[in-house]
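Here is the file structure-v1.pdb (PDB, C-alpha atoms).
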ATOM      1  CA  MET W   1      19.797 -34.715 -30.441  1.00  0.00           C
ATOM      2  CA  MET W   2      20.959 -33.329 -27.108  1.00  0.00           C
ATOM      3  CA  LYS W   3      20.273 -36.305 -24.868  1.00  0.00           C
ATOM      4  CA  LEU W   4      19.579 -35.605 -21.205  1.00  0.00           C
ATOM      5  CA  ASN W   5      20.544 -37.775 -18.265  1.00  0.00           C
ATOM      6  CA  PRO W   6      17.836 -36.693 -15.812  1.00  0.00           C
ATOM      7  CA  LYS W   7      17.882 -37.436 -12.108  1.00  0.00           C
ATOM      8  CA  TRP W   8      14.134 -37.803 -11.751  1.00  0.00           C
ATOM      9  CA  VAL W   9      12.494 -37.070  -8.397  1.00  0.00           C
ATOM     10  CA  PHE W  10       8.917 -37.671  -7.314  1.00  0.00           C
ATOM     11  CA  VAL W  11       6.687 -34.668  -6.558  1.00  0.00           C
ATOM     12  CA  SER W  12       2.996 -34.786  -5.671  1.00  0.00           C
ATOM     13  CA  ASP W  13       0.158 -32.532  -4.656  1.00  0.00           C
ATOM     14  CA  THR W  14       0.953 -33.252  -0.991  1.00  0.00           C
ATOM     15  CA  VAL W  15       3.190 -30.147  -1.175  1.00  0.00           C
ATOM     16  CA  MET W  16      -0.089 -28.167  -1.194  1.00  0.00           C
ATOM     17  CA  GLY W  17      -2.327 -30.392   0.938  1.00  0.00           C
ATOM     18  CA  GLY W  18      -3.412 -32.990  -1.632  1.00  0.00           C
ATOM     19  CA  VAL W  19      -3.402 -36.727  -0.972  1.00  0.00           C
ATOM     20  CA  SER W  20      -2.156 -38.259  -4.247  1.00  0.00           C
ATOM     21  CA  LYS W  21       0.422 -41.019  -3.819  1.00  0.00           C
ATOM     22  CA  GLY W  22       3.062 -42.507  -6.056  1.00  0.00           C
ATOM     23  CA  ALA W  23       6.716 -43.127  -6.756  1.00  0.00           C
ATOM     24  CA  VAL W  24       9.410 -42.900  -9.384  1.00  0.00           C
ATOM     25  CA  THR W  25      11.290 -46.155  -9.946  1.00  0.00           C
ATOM     26  CA  GLN W  26      13.920 -47.552 -12.284  1.00  0.00           C
ATOM     27  CA  GLU W  27      12.592 -50.621 -14.103  1.00  0.00           C
ATOM     28  CA  VAL W  28      12.936 -52.681 -17.243  1.00  0.00           C
ATOM     29  CA  LEU W  29       9.757 -52.225 -19.260  1.00  0.00           C
ATOM     30  CA  GLY W  30       9.256 -53.630 -22.738  1.00  0.00           C
ATOM     31  CA  ALA W  31      12.945 -54.690 -22.833  1.00  0.00           C
ATOM     32  CA  ARG W  32      14.170 -51.132 -22.110  1.00  0.00           C
ATOM     33  CA  ASN W  33      15.611 -49.505 -19.018  1.00  0.00           C
ATOM     34  CA  ALA W  34      13.137 -46.862 -17.975  1.00  0.00           C
ATOM     35  CA  THR W  35      12.182 -44.398 -15.308  1.00  0.00           C
ATOM     36  CA  VAL W  36       8.577 -45.102 -14.313  1.00  0.00           C
ATOM     37  CA  LEU W  37       6.088 -42.728 -12.698  1.00  0.00           C
ATOM     38  CA  ARG W  38       3.321 -44.738 -11.075  1.00  0.00           C
ATOM     39  CA  GLY W  39       0.665 -43.790  -8.568  1.00  0.00           C
ATOM     40  CA  ALA W  40      -2.862 -42.823  -7.622  1.00  0.00           C
ATOM     41  CA  VAL W  41      -3.989 -39.281  -8.412  1.00  0.00           C
ATOM     42  CA  SER W  42      -6.704 -37.957  -6.103  1.00  0.00           C
ATOM     43  CA  LEU W  43      -8.668 -34.731  -6.445  1.00  0.00           C
ATOM     44  CA  LYS W  44      -9.350 -34.587  -2.683  1.00  0.00           C
ATOM     45  CA  ASN W  45      -8.136 -31.553  -0.694  1.00  0.00           C
ATOM     46  CA  ASN W  46      -7.715 -29.522  -3.912  1.00  0.00           C
ATOM     47  CA  GLY W  47      -5.053 -31.927  -5.128  1.00  0.00           C
ATOM     48  CA  GLY W  48      -4.731 -33.694  -8.415  1.00  0.00           C
ATOM     49  CA  PHE W  49      -1.220 -34.515  -9.602  1.00  0.00           C
ATOM     50  CA  ILE W  50       1.839 -36.701  -9.387  1.00  0.00           C
ATOM     51  CA  GLN W  51       5.028 -35.815 -11.229  1.00  0.00           C
ATOM     52  CA  MET W  52       8.518 -36.927 -12.045  1.00  0.00           C
ATOM     53  CA  ALA W  53      10.760 -33.911 -12.407  1.00  0.00           C
ATOM     54  CA  SER W  54      14.414 -33.179 -12.995  1.00  0.00           C
ATOM     55  CA  ASP W  55      16.518 -30.053 -12.983  1.00  0.00           C
ATOM     56  CA  LEU W  56      18.582 -29.840 -16.166  1.00  0.00           C
ATOM     57  CA  ARG W  57      21.634 -28.972 -14.070  1.00  0.00           C
ATOM     58  CA  GLU W  58      22.266 -30.285 -10.571  1.00  0.00           C
ATOM     59  CA  ASP W  59      22.707 -26.753  -9.216  1.00  0.00           C
ATOM     60  CA  GLY W  60      19.352 -25.675 -10.713  1.00  0.00           C
ATOM     61  CA  SER W  61      20.931 -23.167 -13.088  1.00  0.00           C
ATOM     62  CA  GLU W  62      19.552 -22.510 -16.533  1.00  0.00           C
ATOM     63  CA  VAL W  63      20.490 -24.141 -19.829  1.00  0.00           C
ATOM     64  CA  ASP W  64      20.349 -22.497 -23.247  1.00  0.00           C
ATOM     65  CA  VAL W  65      18.576 -24.896 -25.638  1.00  0.00           C
ATOM     66  CA  SER W  66      17.813 -22.259 -28.282  1.00  0.00           C
ATOM     67  CA  THR W  67      19.734 -24.190 -30.963  1.00  0.00           C
ATOM     68  CA  TRP W  68      17.139 -26.967 -30.653  1.00  0.00           C
ATOM     69  CA  ASP W  69      13.533 -27.004 -31.879  1.00  0.00           C
ATOM     70  CA  GLY W  70      11.757 -29.006 -29.199  1.00  0.00           C
ATOM     71  CA  ILE W  71      11.775 -31.809 -26.704  1.00  0.00           C
ATOM     72  CA  GLU W  72      11.780 -35.482 -27.664  1.00  0.00           C
ATOM     73  CA  ALA W  73      11.083 -38.456 -25.428  1.00  0.00           C
ATOM     74  CA  VAL W  74      10.641 -42.181 -25.808  1.00  0.00           C
ATOM     75  CA  VAL W  75       7.654 -43.026 -23.605  1.00  0.00           C
ATOM     76  CA  TRP W  76       5.406 -45.921 -22.608  1.00  0.00           C
ATOM     77  CA  GLY W  77       2.082 -45.472 -20.861  1.00  0.00           C
ATOM     78  CA  ASP W  78      -1.267 -46.876 -19.935  1.00  0.00           C
ATOM     79  CA  GLY W  79      -3.179 -45.186 -22.765  1.00  0.00           C
ATOM     80  CA  ALA W  80      -3.927 -42.001 -20.813  1.00  0.00           C
ATOM     81  CA  THR W  81      -2.886 -38.443 -21.605  1.00  0.00           C
ATOM     82  CA  TYR W  82       0.062 -36.985 -19.683  1.00  0.00           C
ATOM     83  CA  ASP W  83       1.666 -33.554 -19.473  1.00  0.00           C
ATOM     84  CA  ILE W  84       5.225 -32.578 -20.213  1.00  0.00           C
ATOM     85  CA  ARG W  85       6.315 -29.284 -18.669  1.00  0.00           C
ATOM     86  CA  LEU W  86       9.318 -27.067 -18.887  1.00  0.00           C
ATOM     87  CA  ARG W  87      10.257 -24.438 -16.329  1.00  0.00           C
ATOM     88  CA  THR W  88      12.465 -21.507 -17.194  1.00  0.00           C
ATOM     89  CA  ALA W  89      14.161 -18.674 -15.321  1.00  0.00           C
ATOM     90  CA  GLN W  90      11.174 -16.556 -16.469  1.00  0.00           C
ATOM     91  CA  LEU W  91       8.938 -18.258 -13.891  1.00  0.00           C
ATOM     92  CA  SER W  92       8.782 -17.263 -10.230  1.00  0.00           C
ATOM     93  CA  LYS W  93       5.860 -19.346  -8.900  1.00  0.00           C
ATOM     94  CA  PRO W  94       5.861 -23.163  -8.627  1.00  0.00           C
ATOM     95  CA  TRP W  95       2.500 -23.455 -10.421  1.00  0.00           C
ATOM     96  CA  GLN W  96       3.772 -21.639 -13.530  1.00  0.00           C
ATOM     97  CA  SER W  97       5.092 -23.634 -16.490  1.00  0.00           C
ATOM     98  CA  PHE W  98       5.207 -24.087 -20.223  1.00  0.00           C
ATOM     99  CA  ARG W  99       3.324 -27.252 -21.089  1.00  0.00           C
ATOM    100  CA  ALA W 100       1.973 -29.639 -23.668  1.00  0.00           C
ATOM    101  CA  ASP W 101       0.229 -32.976 -23.373  1.00  0.00           C
ATOM    102  CA  PHE W 102       0.747 -36.274 -25.129  1.00  0.00           C
ATOM    103  CA  ALA W 103      -1.295 -39.441 -25.499  1.00  0.00           C
ATOM    104  CA  SER W 104       0.498 -42.516 -24.196  1.00  0.00           C
ATOM    105  CA  LYS W 105       0.263 -46.053 -25.551  1.00  0.00           C
ATOM    106  CA  PRO W 106       1.107 -49.398 -23.939  1.00  0.00           C
ATOM    107  CA  GLU W 107       4.185 -49.631 -26.171  1.00  0.00           C
ATOM    108  CA  TRP W 108       7.324 -47.568 -26.661  1.00  0.00           C
ATOM    109  CA  GLN W 109       6.765 -44.517 -28.837  1.00  0.00           C
ATOM    110  CA  ARG W 110       8.833 -41.471 -29.722  1.00  0.00           C
ATOM    111  CA  ILE W 111       7.073 -38.166 -29.093  1.00  0.00           C
ATOM    112  CA  ARG W 112       8.246 -34.771 -30.268  1.00  0.00           C
ATOM    113  CA  ILE W 113       6.938 -31.549 -28.817  1.00  0.00           C
ATOM    114  CA  PRO W 114       8.050 -28.407 -30.663  1.00  0.00           C
ATOM    115  CA  PHE W 115       8.882 -25.472 -28.396  1.00  0.00           C
ATOM    116  CA  ALA W 116       6.399 -23.442 -30.462  1.00  0.00           C
ATOM    117  CA  SER W 117       3.554 -25.681 -29.236  1.00  0.00           C
ATOM    118  CA  LEU W 118       4.245 -25.136 -25.517  1.00  0.00           C
ATOM    119  CA  ALA W 119       1.437 -23.237 -23.801  1.00  0.00           C
ATOM    120  CA  ALA W 120       2.179 -20.807 -20.987  1.00  0.00           C
ATOM    121  CA  HIS W 121       0.305 -21.746 -17.806  1.00  0.00           C
ATOM    122  CA  ARG W 122      -0.605 -19.094 -15.230  1.00  0.00           C
ATOM    123  CA  VAL W 123       2.027 -16.717 -16.567  1.00  0.00           C
ATOM    124  CA  ASP W 124       1.943 -13.991 -19.204  1.00  0.00           C
ATOM    125  CA  ALA W 125       5.153 -14.941 -21.001  1.00  0.00           C
ATOM    126  CA  VAL W 126       6.388 -16.558 -24.182  1.00  0.00           C
ATOM    127  CA  PHE W 127       8.638 -19.601 -23.763  1.00  0.00           C
ATOM    128  CA  ASP W 128      12.308 -18.549 -23.815  1.00  0.00           C
ATOM    129  CA  PRO W 129      14.582 -21.487 -24.735  1.00  0.00           C
ATOM    130  CA  THR W 130      17.696 -19.658 -23.522  1.00  0.00           C
ATOM    131  CA  CYS W 131      16.903 -20.202 -19.837  1.00  0.00           C
ATOM    132  CA  VAL W 132      15.391 -23.693 -19.302  1.00  0.00           C
ATOM    133  CA  LYS W 133      15.846 -25.057 -15.791  1.00  0.00           C
ATOM    134  CA  ARG W 134      13.556 -28.046 -15.184  1.00  0.00           C
ATOM    135  CA  ILE W 135      11.499 -30.671 -16.954  1.00  0.00           C
ATOM    136  CA  GLY W 136       8.546 -32.617 -15.603  1.00  0.00           C
ATOM    137  CA  ILE W 137       6.156 -35.359 -16.679  1.00  0.00           C
ATOM    138  CA  LEU W 138       2.822 -35.359 -14.895  1.00  0.00           C
ATOM    139  CA  ALA W 139      -0.435 -37.177 -14.391  1.00  0.00           C
ATOM    140  CA  ILE W 140      -2.715 -34.275 -13.535  1.00  0.00           C
ATOM    141  CA  GLY W 141      -6.278 -33.040 -13.308  1.00  0.00           C
ATOM    142  CA  ARG W 142      -8.175 -36.315 -13.077  1.00  0.00           C
ATOM    143  CA  ALA W 143      -8.531 -39.024 -10.453  1.00  0.00           C
ATOM    144  CA  CYS W 144      -6.751 -42.067 -11.846  1.00  0.00           C
ATOM    145  CA  ASP W 145      -4.176 -44.781 -11.433  1.00  0.00           C
ATOM    146  CA  ALA W 146      -1.261 -43.527 -13.507  1.00  0.00           C
ATOM    147  CA  LEU W 147       1.628 -45.262 -15.234  1.00  0.00           C
ATOM    148  CA  VAL W 148       4.012 -43.515 -17.598  1.00  0.00           C
ATOM    149  CA  ALA W 149       7.623 -44.411 -18.336  1.00  0.00           C
ATOM    150  CA  VAL W 150      10.512 -42.638 -20.057  1.00  0.00           C
ATOM    151  CA  SER W 151      13.485 -44.485 -21.558  1.00  0.00           C
ATOM    152  CA  SER W 152      15.169 -41.413 -23.066  1.00  0.00           C
ATOM    153  CA  ILE W 153      14.591 -37.688 -23.250  1.00  0.00           C
ATOM    154  CA  GLY W 154      16.351 -34.737 -24.813  1.00  0.00           C
ATOM    155  CA  PHE W 155      16.140 -31.837 -27.216  1.00  0.00           C
ATOM    156  CA  TYR W 156      15.893 -32.275 -30.992  1.00  0.00           C
ATOM    157  CA  ALA W 157      16.568 -30.206 -34.071  1.00  0.00           C
ATOM    158  CA  ALA W 158      14.124 -30.481 -36.939  1.00  0.00           C
ATOM    159  CA  SER W 159      16.011 -31.241 -40.129  1.00  0.00           C
TER     160      SER W 159
END
Turn the structure described in the file into structure tokens.
Amino acid sequence: MMKLNPKWVFVSDTVMGGVSKGAVTQEVLGARNATVLRGAVSLKNNGGFIQMASDLREDGSEVDVSTWDGIEAVVWGDGATYDIRLRTAQLSKPWQSFRADFASKPEWQRIRIPFASLAAHRVDAVFDPTCVKRIGILAIGRACDALVAVSSIGFYAAS
């Protein structure tokens, strides 16, 4: 596994006029150090998301992960469904991404998302693992109180 050491930042729909609120914090959850995304997602003012995101490199440059088969994370949640998104150098607009969702549980679980299962969103492109730039975990598309945590994340090889 190629383990990542993300520097998560909080992003919300306020960048486009929405009113969702939240934060990214470092906490101990279920006896593990974790990065926690917590907040209130509102659909008002055409909003509807909160996100924790991290560039794979501090300078925002791309990383070639083509020797790996997918993304793996150890997550804890409130039972809701969350999105995981990858951005590549192929994308020019902030609303474009390659995405998949996962169901969270109120316990630590390992999730694996094969690159082949990533769906292109608002872009006519096929995911290119040679130019990955950013990863995000989101609560999106529904009004809710969100809680999702990540204790580790990286890229895996199926073997």
Spell out the residues picked by the PyMOL selection byres ((chain W and resi 113-128) around 12) here, as a tab-separated table (two decimals) with C-alpha atoms, in the coordinates of the input.
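As written to disk, out_39.tsv reads:
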chain	number	residue	atom	x	y	z
W	62	GLU	CA	19.55	-22.51	-16.53
W	63	VAL	CA	20.49	-24.14	-19.83
W	64	ASP	CA	20.35	-22.50	-23.25
W	65	VAL	CA	18.58	-24.90	-25.64
W	66	SER	CA	17.81	-22.26	-28.28
W	67	THR	CA	19.73	-24.19	-30.96
W	68	TRP	CA	17.14	-26.97	-30.65
W	69	ASP	CA	13.53	-27.00	-31.88
W	70	GLY	CA	11.76	-29.01	-29.20
W	71	ILE	CA	11.78	-31.81	-26.70
W	72	GLU	CA	11.78	-35.48	-27.66
W	73	ALA	CA	11.08	-38.46	-25.43
W	74	VAL	CA	10.64	-42.18	-25.81
W	83	ASP	CA	1.67	-33.55	-19.47
W	84	ILE	CA	5.22	-32.58	-20.21
W	85	ARG	CA	6.32	-29.28	-18.67
W	86	LEU	CA	9.32	-27.07	-18.89
W	87	ARG	CA	10.26	-24.44	-16.33
W	88	THR	CA	12.46	-21.51	-17.19
W	89	ALA	CA	14.16	-18.67	-15.32
W	90	GLN	CA	11.17	-16.56	-16.47
W	91	LEU	CA	8.94	-18.26	-13.89
W	92	SER	CA	8.78	-17.26	-10.23
W	93	LYS	CA	5.86	-19.35	-8.90
W	94	PRO	CA	5.86	-23.16	-8.63
W	95	TRP	CA	2.50	-23.46	-10.42
W	96	GLN	CA	3.77	-21.64	-13.53
W	97	SER	CA	5.09	-23.63	-16.49
W	98	PHE	CA	5.21	-24.09	-20.22
W	99	ARG	CA	3.32	-27.25	-21.09
W	100	ALA	CA	1.97	-29.64	-23.67
W	101	ASP	CA	0.23	-32.98	-23.37
W	102	PHE	CA	0.75	-36.27	-25.13
W	103	ALA	CA	-1.30	-39.44	-25.50
W	110	ARG	CA	8.83	-41.47	-29.72
W	111	ILE	CA	7.07	-38.17	-29.09
W	112	ARG	CA	8.25	-34.77	-30.27
W	129	PRO	CA	14.58	-21.49	-24.74
W	130	THR	CA	17.70	-19.66	-23.52
W	131	CYS	CA	16.90	-20.20	-19.84
W	132	VAL	CA	15.39	-23.69	-19.30
W	133	LYS	CA	15.85	-25.06	-15.79
W	153	ILE	CA	14.59	-37.69	-23.25
W	154	GLY	CA	16.35	-34.74	-24.81
W	155	PHE	CA	16.14	-31.84	-27.22
W	156	TYR	CA	15.89	-32.28	-30.99
W	157	ALA	CA	16.57	-30.21	-34.07
W	158	ALA	CA	14.12	-30.48	-36.94
Within 10 Å of range 12-16 of chain W using all atoms listed in the file, minus same-chain residues under 5 positions, as a VMD selection string: chain W and resid 21 to 23 39 41 to 52 138 to 140
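The closest residue to Gly60 in chain W, picked from W:Ile135, W:Gly30, W:Met2, W:Val150 and counting only C-alpha atoms, is W:Ile135.
Note that the spacing between CA of Asn33 in chain W and CA of Trp108 in chain W amounts to 11.4 Å.
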With distances taken over all atoms listed in the file, the candidate from W:Phe10, W:Arg38, W:Leu4, W:Trp76 nearest Ala149 in chain W is W:Trp76
(Q) Evaluate the PyMOL selection byres ((chain W and resi 26) around 12) against this structure - the residues, as a ChimeraX atom specification, please. (A) /W:7-9,23-25,27-29,32-38,52,148-151
Write a file of the selected residues as a PDB file, in the frame of the given file, keeping C-alpha atoms.
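Produced file again-v3.pdb, reproduced below:
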ATOM      1  CA  LYS W   7      17.882 -37.436 -12.108  1.00  0.00           C
ATOM      2  CA  TRP W   8      14.134 -37.803 -11.751  1.00  0.00           C
ATOM      3  CA  VAL W   9      12.494 -37.070  -8.397  1.00  0.00           C
ATOM      4  CA  ALA W  23       6.716 -43.127  -6.756  1.00  0.00           C
ATOM      5  CA  VAL W  24       9.410 -42.900  -9.384  1.00  0.00           C
ATOM      6  CA  THR W  25      11.290 -46.155  -9.946  1.00  0.00           C
ATOM      7  CA  GLU W  27      12.592 -50.621 -14.103  1.00  0.00           C
ATOM      8  CA  VAL W  28      12.936 -52.681 -17.243  1.00  0.00           C
ATOM      9  CA  LEU W  29       9.757 -52.225 -19.260  1.00  0.00           C
ATOM     10  CA  ARG W  32      14.170 -51.132 -22.110  1.00  0.00           C
ATOM     11  CA  ASN W  33      15.611 -49.505 -19.018  1.00  0.00           C
ATOM     12  CA  ALA W  34      13.137 -46.862 -17.975  1.00  0.00           C
ATOM     13  CA  THR W  35      12.182 -44.398 -15.308  1.00  0.00           C
ATOM     14  CA  VAL W  36       8.577 -45.102 -14.313  1.00  0.00           C
ATOM     15  CA  LEU W  37       6.088 -42.728 -12.698  1.00  0.00           C
ATOM     16  CA  ARG W  38       3.321 -44.738 -11.075  1.00  0.00           C
ATOM     17  CA  MET W  52       8.518 -36.927 -12.045  1.00  0.00           C
ATOM     18  CA  VAL W 148       4.012 -43.515 -17.598  1.00  0.00           C
ATOM     19  CA  ALA W 149       7.623 -44.411 -18.336  1.00  0.00           C
ATOM     20  CA  VAL W 150      10.512 -42.638 -20.057  1.00  0.00           C
ATOM     21  CA  SER W 151      13.485 -44.485 -21.558  1.00  0.00           C
TER      22      SER W 151
END
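Each of W:Val11, W:Ala40, W:Val19, W:Ala80 was checked against Ser54 in chain W using only C-alpha atoms; the smallest atom-to-atom distance is that of W:Val11.
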Students should find that CA of Gly77 in chain W and CA of Glu107 in chain W are spaced 7.1 Å
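Note that CA of Lys105 in chain W and CA of Asp145 in chain W are 14.9 Å apart.
Proximity of W:Pro6, W:Gly136, W:Gly141, W:Gly17 to Leu56 in chain W, computed with only C-alpha atoms, is greatest for W:Pro6.
With all atoms listed in the file as the atoms that count, the minimum distance from Asn5 in chain W to the choices W:Pro106, W:Ser152, W:Ala53, W:Gly18 is reached by W:Ser152.
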